[in-house]
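Participant: Encoded as structure tokens, here's the structure I'll be asking about.
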Amino acid sequence: MNRWLLKSEPNVYSWDDLVKEGETVWNGVRNAQASNNLKAMAEGDEAFFYHSNIGKAVVGICRISRTAYPDPTDDTGRWVAVSVKPVRKLDGVVTLADMKANPALAALQLIRQSRLSVVPVRDDEWVEILRMAG
């Protein structure tokens with residue numbers, strides 16, 4: 001199983017929105033590298049749900065429930081979407097500042113390529129972020 005981090009602006013679509021809906025289409029990704037990350041996802045992969053811009057923190061875990069398919073918001077046919085379902089809210093949020101301050105997360109793609117909205121998370125990084133969340 002691979003693990004990921006998905007960014008969403010909470011004023012546009014938040015963790016609470018995902019929980020309320022039960023499942024959503026993760027669409028609107030318009031960066032080639034982030035889109036390739038979506039294409040690499042498998043059903044059952046887990047992802048951290050990250051609130052970007054406002055909050056800047058990992059707040060929950062979601063699961064990929066449907067692998068890459070044409071993004072319904074893209075008229076060009078170039079971009080893909082995946083579907084995700086909530087798994088659980090983290091006991092505590094893990095802020096970007098906390099992750100940047102942790103040497104064990106120095107190679108985390110969220111830090112190294114901060115503009116990407118979809119990034120892979122290595123197993124050791126996953127465990128460390130969960131530890132930080134309590």
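Quick note on naming: the chains in the structure tokens go A, B, ... in the order shown, residues restart at 1 in each chain, and ligands are numbered from 1 in order of appearance.
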Show me, as a Markdown table, the residues of range 6-53 of chain A having an atom within 8 Å of range 116-126 of chain A, each with the closest atom pair and its distance in Å, using only C-alpha atoms.
Facilitator:
| residue | atom | partner | partner_atom | distance |
| --- | --- | --- | --- | --- |
| A:Leu6 | CA | A:Val118 | CA | 4.9 |
| A:Lys7 | CA | A:Ser117 | CA | 5.0 |
| A:Ser8 | CA | A:Ser117 | CA | 7.6 |
| A:Val29 | CA | A:Ser117 | CA | 7.3 |
| A:Asn31 | CA | A:Leu116 | CA | 7.5 |
| A:Gln33 | CA | A:Leu116 | CA | 7.7 |
| A:Ala34 | CA | A:Val118 | CA | 5.0 |
| A:Ser35 | CA | A:Val118 | CA | 7.7 |
| A:Asn37 | CA | A:Val118 | CA | 6.4 |
| A:Leu38 | CA | A:Val118 | CA | 7.2 |
Participant: Would you kindly return, as a list of chain:residue names, each protein, DNA or RNA residue with an atom no farther than 8 Å from any atom of range 41-48 of chain A, considering only C-alpha atoms and excluding same-chain residues fewer than 6 positions away?
Facilitator: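 That gives A:Met1, A:Asn2, A:Arg3, A:Trp4, A:Leu5, A:Leu6, A:Val58, A:Val59, A:Gly60, A:Ile61, A:Cys62, A:Arg63, A:Ile64, A:Ser65, A:Arg66, A:Thr67, A:Ala68.
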Participant: Kindly give the distance, in Å, that separates CA of Val80 in chain A and CA of Ile129 in chain A, rounded to a single decimal.
Facilitator: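 CA of Ile129 in chain A lies at a distance of 27.6 Å from CA of Val80 in chain A.
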Participant: Residues near range 91-103 of chain A, anyone? I mean within 10 Å using only C-alpha atoms, not counting same-chain ones fewer than 5 positions away, as JSON, numbers by chain.
Facilitator: {"A": [50, 51, 52, 55, 56, 57, 58, 59, 60, 108, 110, 111, 112, 125, 128, 129, 130, 131, 132, 133, 134]}
Participant: Would you mind exporting N, CA and C atoms of the selected residues as a compact mmCIF listing (two decimals), in the first residue's frame?
Facilitator:
# COMPACT_ATOMS: atom_id res chain seq x y z
N TYR A 50 -4.91 17.23 4.37
CA TYR A 50 -4.16 18.40 4.81
C TYR A 50 -4.93 19.67 4.48
N HIS A 51 -5.17 20.49 5.51
CA HIS A 51 -5.78 21.79 5.29
C HIS A 51 -4.69 22.77 4.88
N SER A 52 -4.77 23.28 3.66
CA SER A 52 -3.76 24.21 3.17
C SER A 52 -4.25 25.66 3.33
N GLY A 55 -4.82 27.17 8.31
CA GLY A 55 -4.54 26.06 9.21
C GLY A 55 -3.22 25.38 8.94
N LYS A 56 -2.95 25.07 7.68
CA LYS A 56 -1.71 24.40 7.27
C LYS A 56 -1.36 23.25 8.21
N ALA A 57 -2.23 22.23 8.19
CA ALA A 57 -2.04 21.10 9.11
C ALA A 57 -2.70 19.84 8.57
N VAL A 58 -2.09 18.71 8.92
CA VAL A 58 -2.71 17.41 8.67
C VAL A 58 -3.79 17.23 9.73
N VAL A 59 -5.01 16.91 9.29
CA VAL A 59 -6.13 16.83 10.23
C VAL A 59 -6.81 15.47 10.25
N GLY A 60 -6.61 14.65 9.21
CA GLY A 60 -7.30 13.38 9.16
C GLY A 60 -6.67 12.42 8.17
N LEU A 108 10.26 15.02 3.47
CA LEU A 108 8.83 14.96 3.16
C LEU A 108 8.54 15.85 1.95
N LEU A 110 5.92 17.29 0.99
CA LEU A 110 5.14 18.48 1.34
C LEU A 110 6.07 19.65 1.63
N ILE A 111 7.20 19.37 2.23
CA ILE A 111 8.17 20.41 2.58
C ILE A 111 9.06 20.73 1.37
N ARG A 112 9.50 19.72 0.68
CA ARG A 112 10.43 19.90 -0.44
C ARG A 112 9.76 20.49 -1.68
N GLU A 125 7.72 8.39 7.26
CA GLU A 125 7.12 9.72 7.44
C GLU A 125 5.69 9.58 7.95
N GLU A 128 5.79 8.78 11.60
CA GLU A 128 6.21 9.94 12.38
C GLU A 128 5.10 10.98 12.51
N ILE A 129 4.38 11.22 11.45
CA ILE A 129 3.27 12.17 11.52
C ILE A 129 2.17 11.64 12.44
N LEU A 130 1.89 10.36 12.37
CA LEU A 130 0.91 9.77 13.30
C LEU A 130 1.38 9.91 14.74
N ARG A 131 2.67 9.69 14.98
CA ARG A 131 3.22 9.85 16.33
C ARG A 131 3.03 11.29 16.80
N MET A 132 3.30 12.24 15.94
CA MET A 132 3.16 13.64 16.29
C MET A 132 1.71 14.01 16.57
N ALA A 133 0.79 13.34 15.93
CA ALA A 133 -0.64 13.62 16.12
C ALA A 133 -1.17 13.07 17.44
N GLY A 134 -0.37 12.21 18.07
CA GLY A 134 -0.81 11.64 19.36
C GLY A 134 -1.40 10.31 19.19
Participant: Got a sec to tell me which of chain A DSSP assigns to strand (DSSP E or B), as an mmCIF file with N, CA and C atoms, in the first residue's frame?
Facilitator:
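Resulting contents of part_18.cif:
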data_model
loop_
_atom_site.group_PDB
_atom_site.id
_atom_site.type_symbol
_atom_site.label_atom_id
_atom_site.label_comp_id
_atom_site.auth_asym_id
_atom_site.auth_seq_id
_atom_site.Cartn_x
_atom_site.Cartn_y
_atom_site.Cartn_z
ATOM 1 N N ARG A 3 1.095 5.493 0.413
ATOM 2 C CA ARG A 3 0.454 6.524 1.238
ATOM 3 C C ARG A 3 0.705 7.884 0.605
ATOM 4 N N TRP A 4 -0.213 8.793 0.870
ATOM 5 C CA TRP A 4 -0.233 10.072 0.181
ATOM 6 C C TRP A 4 -0.611 11.192 1.133
ATOM 7 N N LEU A 5 -0.506 12.408 0.638
ATOM 8 C CA LEU A 5 -1.031 13.584 1.325
ATOM 9 C C LEU A 5 -1.795 14.383 0.286
ATOM 10 N N LEU A 6 -3.036 14.707 0.605
ATOM 11 C CA LEU A 6 -3.909 15.486 -0.270
ATOM 12 C C LEU A 6 -4.198 16.827 0.385
ATOM 13 N N LYS A 7 -3.966 17.893 -0.355
ATOM 14 C CA LYS A 7 -4.201 19.243 0.169
ATOM 15 C C LYS A 7 -5.551 19.772 -0.279
ATOM 16 N N SER A 8 -6.214 20.441 0.639
ATOM 17 C CA SER A 8 -7.450 21.125 0.310
ATOM 18 C C SER A 8 -7.564 22.376 1.173
ATOM 19 N N THR A 24 -15.977 11.645 -1.695
ATOM 20 C CA THR A 24 -15.940 12.765 -2.627
ATOM 21 C C THR A 24 -15.034 12.450 -3.802
ATOM 22 N N VAL A 25 -15.221 13.209 -4.859
ATOM 23 C CA VAL A 25 -14.346 13.166 -6.025
ATOM 24 C C VAL A 25 -13.221 14.166 -5.770
ATOM 25 N N TRP A 26 -11.975 13.699 -5.819
ATOM 26 C CA TRP A 26 -10.822 14.580 -5.636
ATOM 27 C C TRP A 26 -10.418 15.061 -7.022
ATOM 28 N N GLU A 46 -3.998 4.876 1.561
ATOM 29 C CA GLU A 46 -4.428 5.889 2.522
ATOM 30 C C GLU A 46 -3.725 7.210 2.235
ATOM 31 N N ALA A 47 -4.372 8.287 2.668
ATOM 32 C CA ALA A 47 -3.808 9.617 2.472
ATOM 33 C C ALA A 47 -4.109 10.487 3.684
ATOM 34 N N PHE A 48 -3.155 11.332 4.015
ATOM 35 C CA PHE A 48 -3.425 12.367 5.000
ATOM 36 C C PHE A 48 -4.261 13.443 4.317
ATOM 37 N N PHE A 49 -5.229 13.968 5.045
ATOM 38 C CA PHE A 49 -6.029 15.104 4.587
ATOM 39 C C PHE A 49 -5.400 16.335 5.219
ATOM 40 N N TYR A 50 -4.912 17.231 4.371
ATOM 41 C CA TYR A 50 -4.158 18.397 4.812
ATOM 42 C C TYR A 50 -4.927 19.667 4.481
ATOM 43 N N HIS A 51 -5.173 20.487 5.511
ATOM 44 C CA HIS A 51 -5.783 21.793 5.286
ATOM 45 C C HIS A 51 -4.695 22.772 4.884
ATOM 46 N N ALA A 57 -2.228 22.226 8.192
ATOM 47 C CA ALA A 57 -2.042 21.098 9.105
ATOM 48 C C ALA A 57 -2.697 19.838 8.568
ATOM 49 N N VAL A 58 -2.092 18.710 8.918
ATOM 50 C CA VAL A 58 -2.708 17.413 8.673
ATOM 51 C C VAL A 58 -3.785 17.235 9.734
ATOM 52 N N VAL A 59 -5.008 16.915 9.287
ATOM 53 C CA VAL A 59 -6.129 16.827 10.228
ATOM 54 C C VAL A 59 -6.812 15.466 10.246
ATOM 55 N N GLY A 60 -6.606 14.653 9.208
ATOM 56 C CA GLY A 60 -7.303 13.378 9.160
ATOM 57 C C GLY A 60 -6.668 12.421 8.172
ATOM 58 N N ILE A 61 -7.262 11.226 8.108
ATOM 59 C CA ILE A 61 -6.824 10.183 7.180
ATOM 60 C C ILE A 61 -8.024 9.789 6.326
ATOM 61 N N CYS A 62 -7.771 9.698 5.019
ATOM 62 C CA CYS A 62 -8.808 9.224 4.108
ATOM 63 C C CYS A 62 -8.259 8.055 3.307
ATOM 64 N N ARG A 63 -9.136 7.355 2.619
ATOM 65 C CA ARG A 63 -8.757 6.173 1.848
ATOM 66 C C ARG A 63 -9.209 6.365 0.397
ATOM 67 N N ILE A 64 -8.370 5.937 -0.520
ATOM 68 C CA ILE A 64 -8.720 5.998 -1.937
ATOM 69 C C ILE A 64 -9.777 4.917 -2.197
ATOM 70 N N SER A 65 -10.946 5.342 -2.653
ATOM 71 C CA SER A 65 -12.045 4.399 -2.873
ATOM 72 C C SER A 65 -12.283 4.107 -4.347
ATOM 73 N N ARG A 66 -11.702 4.907 -5.230
ATOM 74 C CA ARG A 66 -11.784 4.656 -6.674
ATOM 75 C C ARG A 66 -10.531 5.241 -7.311
ATOM 76 N N THR A 67 -9.872 4.445 -8.122
ATOM 77 C CA THR A 67 -8.633 4.889 -8.756
ATOM 78 C C THR A 67 -8.916 5.886 -9.882
ATOM 79 N N ALA A 68 -7.849 6.387 -10.467
ATOM 80 C CA ALA A 68 -7.915 7.482 -11.430
ATOM 81 C C ALA A 68 -8.941 7.245 -12.544
ATOM 82 N N TYR A 69 -9.709 8.284 -12.794
ATOM 83 C CA TYR A 69 -10.683 8.313 -13.880
ATOM 84 C C TYR A 69 -10.740 9.750 -14.394
ATOM 85 N N PRO A 70 -11.333 9.987 -15.561
ATOM 86 C CA PRO A 70 -11.355 11.345 -16.099
ATOM 87 C C PRO A 70 -11.983 12.339 -15.114
ATOM 88 N N VAL A 80 -7.045 13.812 -14.393
ATOM 89 C CA VAL A 80 -7.766 12.723 -13.728
ATOM 90 C C VAL A 80 -8.219 13.151 -12.328
ATOM 91 N N ALA A 81 -9.107 12.347 -11.792
ATOM 92 C CA ALA A 81 -9.588 12.497 -10.419
ATOM 93 C C ALA A 81 -9.555 11.117 -9.771
ATOM 94 N N VAL A 82 -9.638 11.084 -8.461
ATOM 95 C CA VAL A 82 -9.841 9.855 -7.704
ATOM 96 C C VAL A 82 -10.985 10.112 -6.732
ATOM 97 N N SER A 83 -11.516 9.062 -6.153
ATOM 98 C CA SER A 83 -12.520 9.224 -5.105
ATOM 99 C C SER A 83 -11.902 8.835 -3.776
ATOM 100 N N VAL A 84 -12.300 9.550 -2.725
ATOM 101 C CA VAL A 84 -11.780 9.280 -1.382
ATOM 102 C C VAL A 84 -12.915 9.230 -0.368
ATOM 103 N N LYS A 85 -12.669 8.430 0.686
ATOM 104 C CA LYS A 85 -13.596 8.320 1.811
ATOM 105 C C LYS A 85 -12.835 8.620 3.097
ATOM 106 N N PRO A 86 -13.506 9.210 4.071
ATOM 107 C CA PRO A 86 -12.827 9.470 5.342
ATOM 108 C C PRO A 86 -12.574 8.174 6.101
ATOM 109 N N VAL A 87 -11.445 8.119 6.810
ATOM 110 C CA VAL A 87 -11.138 6.999 7.694
ATOM 111 C C VAL A 87 -11.292 7.456 9.140
ATOM 112 N N ARG A 88 -10.500 8.478 9.513
ATOM 113 C CA ARG A 88 -10.626 9.003 10.876
ATOM 114 C C ARG A 88 -9.948 10.355 10.998
ATOM 115 N N LYS A 89 -10.470 11.126 11.905
ATOM 116 C CA LYS A 89 -9.847 12.393 12.265
ATOM 117 C C LYS A 89 -8.673 12.081 13.182
ATOM 118 N N LEU A 90 -7.580 12.824 13.047
ATOM 119 C CA LEU A 90 -6.437 12.619 13.933
ATOM 120 C C LEU A 90 -6.746 13.178 15.314
ATOM 121 N N ASP A 91 -6.133 12.585 16.328
ATOM 122 C CA ASP A 91 -6.345 13.053 17.697
ATOM 123 C C ASP A 91 -5.887 14.495 17.863
ATOM 124 N N GLY A 92 -4.792 14.832 17.214
ATOM 125 C CA GLY A 92 -4.285 16.200 17.232
ATOM 126 C C GLY A 92 -3.829 16.573 15.843
ATOM 127 N N VAL A 93 -3.903 17.848 15.500
ATOM 128 C CA VAL A 93 -3.434 18.278 14.187
ATOM 129 C C VAL A 93 -1.911 18.346 14.194
ATOM 130 N N VAL A 94 -1.329 18.151 13.032
ATOM 131 C CA VAL A 94 0.123 18.264 12.872
ATOM 132 C C VAL A 94 0.359 19.397 11.887
ATOM 133 N N THR A 95 0.876 20.505 12.400
ATOM 134 C CA THR A 95 1.036 21.697 11.573
ATOM 135 C C THR A 95 2.251 21.588 10.661
ATOM 136 N N VAL A 118 -0.800 17.095 -4.287
ATOM 137 C CA VAL A 118 -0.861 15.656 -4.053
ATOM 138 C C VAL A 118 0.569 15.148 -4.016
ATOM 139 N N VAL A 119 0.991 14.622 -2.863
ATOM 140 C CA VAL A 119 2.368 14.138 -2.738
ATOM 141 C C VAL A 119 2.403 12.771 -2.069
ATOM 142 N N PRO A 120 3.409 11.960 -2.416
ATOM 143 C CA PRO A 120 3.576 10.684 -1.721
ATOM 144 C C PRO A 120 4.139 10.909 -0.320
ATOM 145 N N VAL A 121 3.851 9.965 0.565
ATOM 146 C CA VAL A 121 4.383 9.984 1.932
ATOM 147 C C VAL A 121 5.018 8.619 2.172
#
Participant: Would you mind telling me which residue in A:Ile54, A:Lys20, A:Asn27, A:Val12 lies nearest to Pro72 in chain A when using only C-alpha atoms?
Facilitator: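 With only C-alpha atoms as the atom set, the closest residue is A:Asn27.
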Participant: Kindly indicate which residue among A:Asp17, A:Arg78, A:Val127, A:Asn53 lies nearest to Ala32 in chain A, using only C-alpha atoms for the distances.
Facilitator: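 Checking each of A:Asp17, A:Arg78, A:Val127, A:Asn53 against Ala32 in chain A, counting only C-alpha atoms, the winner is A:Arg78.
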Participant: Could you pull out all residues of range 48-107 of chain A with a DSSP call of alpha helix (DSSP H) and give them as a list in words?
Facilitator: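 Taking range 48-107 of chain A and keeping alpha helix (DSSP H) gives Leu96, Ala97, Asp98, Met99, Lys100 and Ala101 of chain A.
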Participant: Deliver the residues from the most recent selection as a file, using N, CA and C atoms, as an mmCIF file, in the first residue's frame.
Facilitator:
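New file part-v9.cif:
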data_model
loop_
_atom_site.group_PDB
_atom_site.id
_atom_site.type_symbol
_atom_site.label_atom_id
_atom_site.label_comp_id
_atom_site.auth_asym_id
_atom_site.auth_seq_id
_atom_site.Cartn_x
_atom_site.Cartn_y
_atom_site.Cartn_z
ATOM 1 N N LEU A 96 2.225 22.392 9.620
ATOM 2 C CA LEU A 96 3.363 22.464 8.713
ATOM 3 C C LEU A 96 4.606 22.913 9.473
ATOM 4 N N ALA A 97 4.457 23.862 10.372
ATOM 5 C CA ALA A 97 5.599 24.336 11.166
ATOM 6 C C ALA A 97 6.197 23.207 11.996
ATOM 7 N N ASP A 98 5.338 22.379 12.591
ATOM 8 C CA ASP A 98 5.829 21.240 13.382
ATOM 9 C C ASP A 98 6.566 20.235 12.502
ATOM 10 N N MET A 99 6.028 19.994 11.305
ATOM 11 C CA MET A 99 6.683 19.051 10.394
ATOM 12 C C MET A 99 8.028 19.591 9.927
ATOM 13 N N LYS A 100 8.091 20.886 9.623
ATOM 14 C CA LYS A 100 9.352 21.494 9.192
ATOM 15 C C LYS A 100 10.400 21.446 10.295
ATOM 16 N N ALA A 101 9.958 21.503 11.547
ATOM 17 C CA ALA A 101 10.885 21.502 12.683
ATOM 18 C C ALA A 101 11.372 20.102 13.042
#
